[in-house]
Structures are given as structure tokens and as C-alpha cells.
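What follows is one structure encoded as C-alpha cells, with my remarks underneath.
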Amino acid sequence: MAVPWGILKSLLFFFGPVAVPRAISYYRSSKTVSKSVGITVRPVPRAIRYALALLALFVATFVLKTLPPFAPENIFQRTETRLHAPTDVIFRRLSVLRPGDTLTAADEALRGKFVNLESRLLYLQFGPAALADCLFCNSDEPKSYLYYTMPALLWAHLANFFAVAVVTSPSWTGRYGRQWRGWATIAAGSMAAADVWYVANYNHQANSRALRLDDLDPFYWSARATRFWVLAAFDAVLGYAIYLSATNRAFIQLPSPAERIENVNRALHIAKSKLSALGIIKNTTQRDTELRERSDMYWTQEVRLMSEAMEEREVIEGVSDALENRLNIQNITRDADTYTTMVLQELQEE
């Protein structure tokens with residue numbers, strides 16, 4: 001059973017005014033959250049670039065599949081014949097279009113299946129490969145063609161599942177891909193289920209009343225193009241969402257308390273390692289005579305240069321202006337005394 005365009009348009013008019021503003025509001029609120037927590041925009045990480053490149057490859061492949069050179073041939077449109085035209089007329093016109101005016105093996109197999117109207121109707125529903133290649137299918141059991149075409153119908157969805165699983169893998173894209181993993185998986189599964197239902201419930205008998213070529217509904221070709229366009233749009237939207245979240249432009253996912261504690265511990269460990277390294281360097285400098293002399297020479301030179309700089313007139317005037325007009329010496333002195341007292345108290349307790 002095909003869904004009429006009028007019903008789809010009515011659904012868009014009904015849900016569009018509700019869904020579009022909510023989507024825009026959600027996007028703006030996610031950007032506001034990123035600004036409120038002080039997170040800045042950053043370049044795209046390398047792992048995210050590879051994931052986006054993979055999605056771009058899938059999008060390009062799906063779009064190319066919709067182009068006429070990569071689509072299966074519709075012999076009714078190619079030969080410009082009606083559905084009820086005699087079989088000999090259809091394939092005589094088709095042979096003229098073939099190299100050497102000779103039908104191919106697939107054409108001959110298809111010709112053997114065009115024995116009744118039901119076969120032609122199933123051709124429009126399941127495409128030329130199903131009728132030409134299926135050995136166990138017959139027009140008395142239309143569902144047999146559905147079973148045969150199921151792998152070919154689902155391969156695009158399986159490839160899309162692979163892309164979704166890879167680009168949302170926590171081991172590759174981290175939490176930026178993980179936050180979209182559930183939604184993307186549900187959406188991909190829903191598209192596959194809807195596609196199978198749509199093909200299985202299509203009323204192929206509706207074409208039997210078509211008297212002209214323009215009245216025919218090339219369901220197989222339109223469904224195939226729609227499938228690839230929807231998958232391409234889905235992968236493009238998923239890639240854009242991962243890009244926004246990975247660059248902190250939107251959809252910010254703040255770290256959990258456990259992640260914050262782990263980050264703080266890691267930062268403290270790094271700081272401790274640097275302090276230990278600094279202590280080792282300082283101890284080595286004090287124990288080595290040559291290094292100690294060079295260190296003393298450096299600090300002697302530093303003190304001399306700073307003394308000369310502080311004796312210049314411009315520096316003296318600037319310091320005086322800062323002390324008198326812009327700095328509160330009493331507050332600075334009080335803070336320094338408090339800090340010194342705390343440090344000395346900890347040393348005395350040890």
C-alpha cells in the first residue's frame with residue numbers, strides 16, 4: 001500500500017509548525033548552554049575528521065546511486081511502451097536499443113517472465129533483477145519476489161548501520177559520538193523497518209488500470225531513489241550533529257562527576273610530576289659546582305638588570321601612579337600576611 005503524496009503533505013503541514021520551531025529552540029538552547037558554562041569553540045579533532053570523512057563517503061555513494069547511470073533500467077520507459085503492450089513489441093523495441101540489435105541474457109530471461117499482466121506488475125514493484133534472476137519465484141506467489149529482493153533491499157541499510165556503529169563508537173569518537181549512538185541506531189532501525197513495510201504493503205495491482213505510460217507508477221525506481229536520498233540525508237545530519245558537538249558549537253555534554261574527578265586527579269598527577277622534576281633539577285644544580293656557579297651568575301645578572309630598570313624615571317613614575325591610584329596596598333599586604341601565616345603554620349605542624 002503506497003502512501004499518497006497528499007497524506008504526506010498533510011502530515012508535514014500538521015507536524016511541521018510544531019517540530020521545526022522545537023528543533024530550532026533545542027539548537028539555540030544547546031548553544032546557550034555552551035556559552036553559559038564558558039566552553040569555547042575548538043577545531044575538529046583528528047578522530048572526528050576521520051569519522052566525518054567516512055560519513056561523507058557514504059553520503060556521496062548514496063547520492064551517486066540515485067543518478068540514472070547507476071539505476072536499473074526500466075524497459076517500459078526505455079522503450080516508451082504501455083503496460084499492456086504485446087511482449088514481442090516491447091522486446092523488439094528493446095533489441096533495437098541494444099548493441100548489434102541483440103537482446104542480452106538478462107533480457108531473454110525477463111522476456112520469459114513477461115507471460116502475463118501479473119508479472120509486469122511485479123516487475124514494477126520489485127525491479128528487473130528479481131524477475132530475471134529469481135529461480136524459485138513465480139507470479140502466483142508474489143511474496144516469493146519479496147523474499148528474494150529482501151537482501152538487496154536491506155544492503156543499503158546494513159551499510160548504513162555499519163557507518164553508524166563506527167562513527168558513534170566510543171573507542172573512536174569518544175563521548176561526542178557516543179551521545180548520538182542510541183538515537184542514530186533507533187533511527188536507522190526505524191528506517192529499515194519502514195522501508196521493508198512500505199515495499200511489502202505496496203498495492204502492485206494499482207498499475208493494472210494504467211492505460212498510458214505516464215499513468216504507470218514506477219514504484220521500484222522511486223522507492224529506490226527515496227531510500228538512498230533518505231539514507232544520505234540521515235548520514236549528513238548525523239555528521240553535522242557530531243561536528244557541532246565535537247567542536248563545542250552546540251549539543252554540549254558536560255562531563256559527569258566521575259569524569260571531573262578523574263580529570264582533576266590527572267591534572268594533579270601531572271603537576272606533581274612536574275614539581276618532582278623541578279626539584280630534581282634544582283637539587284642537581286645545587287650539588288654541581290659548575291651548575292651552581294652558572295645559576296648564581298644568572299640570578300646576579302637578573303637582579304642587576306631589574307635594579308637598573310626600576311631606577312629609570314618612567315618606571316618610578318608608573319609604579320608610584322599604580323601604588324597611589326590603582327592598587328590598594330593595605331589589601332595586598334593583608335592577603336600576603338594571611339598566605340604567609342598559613343604556609344608557616346603548615347610547616348610548623350609538620
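We name chains A, B, ... following the order of the C-alpha cells; residues begin at 1 in each chain, and ligands are numbered from 1 as shown.
Close contacts of range 199-212 of chain A, defined as residues with an atom at most 7 Å away when counting only C-alpha atoms, with chain neighbours fewer than 4 positions off set aside, comprise Met1, Ala2, Arg82, Leu121, Leu122, Gln125, Leu146, Asp195, Leu216 and Asp217 of chain A.
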Backbone DSSP call of alpha helix (DSSP H) for range 49-102 of chain A, listed as a tab-separated table (two decimals) with C-alpha atoms, in the first residue's frame:
```tsv
chain	number	residue	atom	x	y	z
A	49	ARG	CA	37.65	14.27	10.99
A	50	TYR	CA	38.09	10.62	10.01
A	51	ALA	CA	34.54	9.83	11.14
A	52	LEU	CA	33.14	12.75	9.16
A	53	ALA	CA	35.14	11.64	6.11
A	54	LEU	CA	33.59	8.17	6.38
A	55	LEU	CA	30.09	9.64	6.59
A	56	ALA	CA	30.83	11.92	3.64
A	57	LEU	CA	31.90	8.86	1.63
A	58	PHE	CA	28.62	7.11	2.42
A	59	VAL	CA	26.61	10.23	1.57
A	60	ALA	CA	28.37	10.56	-1.78
A	61	THR	CA	27.83	6.85	-2.53
A	62	PHE	CA	24.12	7.02	-1.73
A	63	VAL	CA	23.67	10.15	-3.84
A	64	LEU	CA	25.51	8.58	-6.79
A	65	LYS	CA	23.23	5.55	-6.57
A	75	ILE	CA	12.15	-1.18	-20.05
A	76	PHE	CA	8.74	0.48	-20.21
A	77	GLN	CA	10.28	3.94	-20.05
A	78	ARG	CA	13.25	2.94	-22.18
A	79	THR	CA	11.07	1.56	-24.98
A	87	THR	CA	5.61	-8.81	-25.25
A	88	ASP	CA	7.06	-9.08	-28.77
A	89	VAL	CA	6.58	-5.35	-29.33
A	90	ILE	CA	8.31	-4.44	-26.06
A	91	PHE	CA	11.37	-6.59	-26.65
A	92	ARG	CA	11.58	-5.80	-30.35
A	93	ARG	CA	11.92	-2.15	-29.43
A	94	LEU	CA	14.38	-3.09	-26.70
A	95	SER	CA	16.55	-5.09	-29.11
A	96	VAL	CA	16.88	-2.02	-31.34
A	97	LEU	CA	18.45	-0.19	-28.40
```
Considering only C-alpha atoms, can you say which of A:Ser119, A:Thr173, A:Thr168, A:Thr341 comes closest to Asp140 in chain A?
A:Ser119
Which of these residues is nearest to Pro151 in chain A, using only C-alpha atoms: A:Lys113, A:Arg181, A:Val196, A:Ser256?
A:Val196
Choose the residue, out of A:Ala225, A:Leu275, A:Leu231, A:Ala258, that has the smallest atom-to-atom separation from Ala163 in chain A; count only C-alpha atoms.
A:Leu231
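Between CA of Asn248 in chain A and CA of Val41 in chain A lies a distance of 5.1 Å.
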Residue with smallest distance to Ala129 in chain A - pool A:Trp172, A:Trp299, A:Tyr220, A:Phe161, counting only C-alpha atoms
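Nearest to Ala129 in chain A: A:Tyr220.
Distance-wise, CA of Leu154 in chain A and CA of Ala192 in chain A end up 7.1 Å apart.
The space separating CA of Ser245 in chain A from CA of Gly177 in chain A comes to 8.5 Å.
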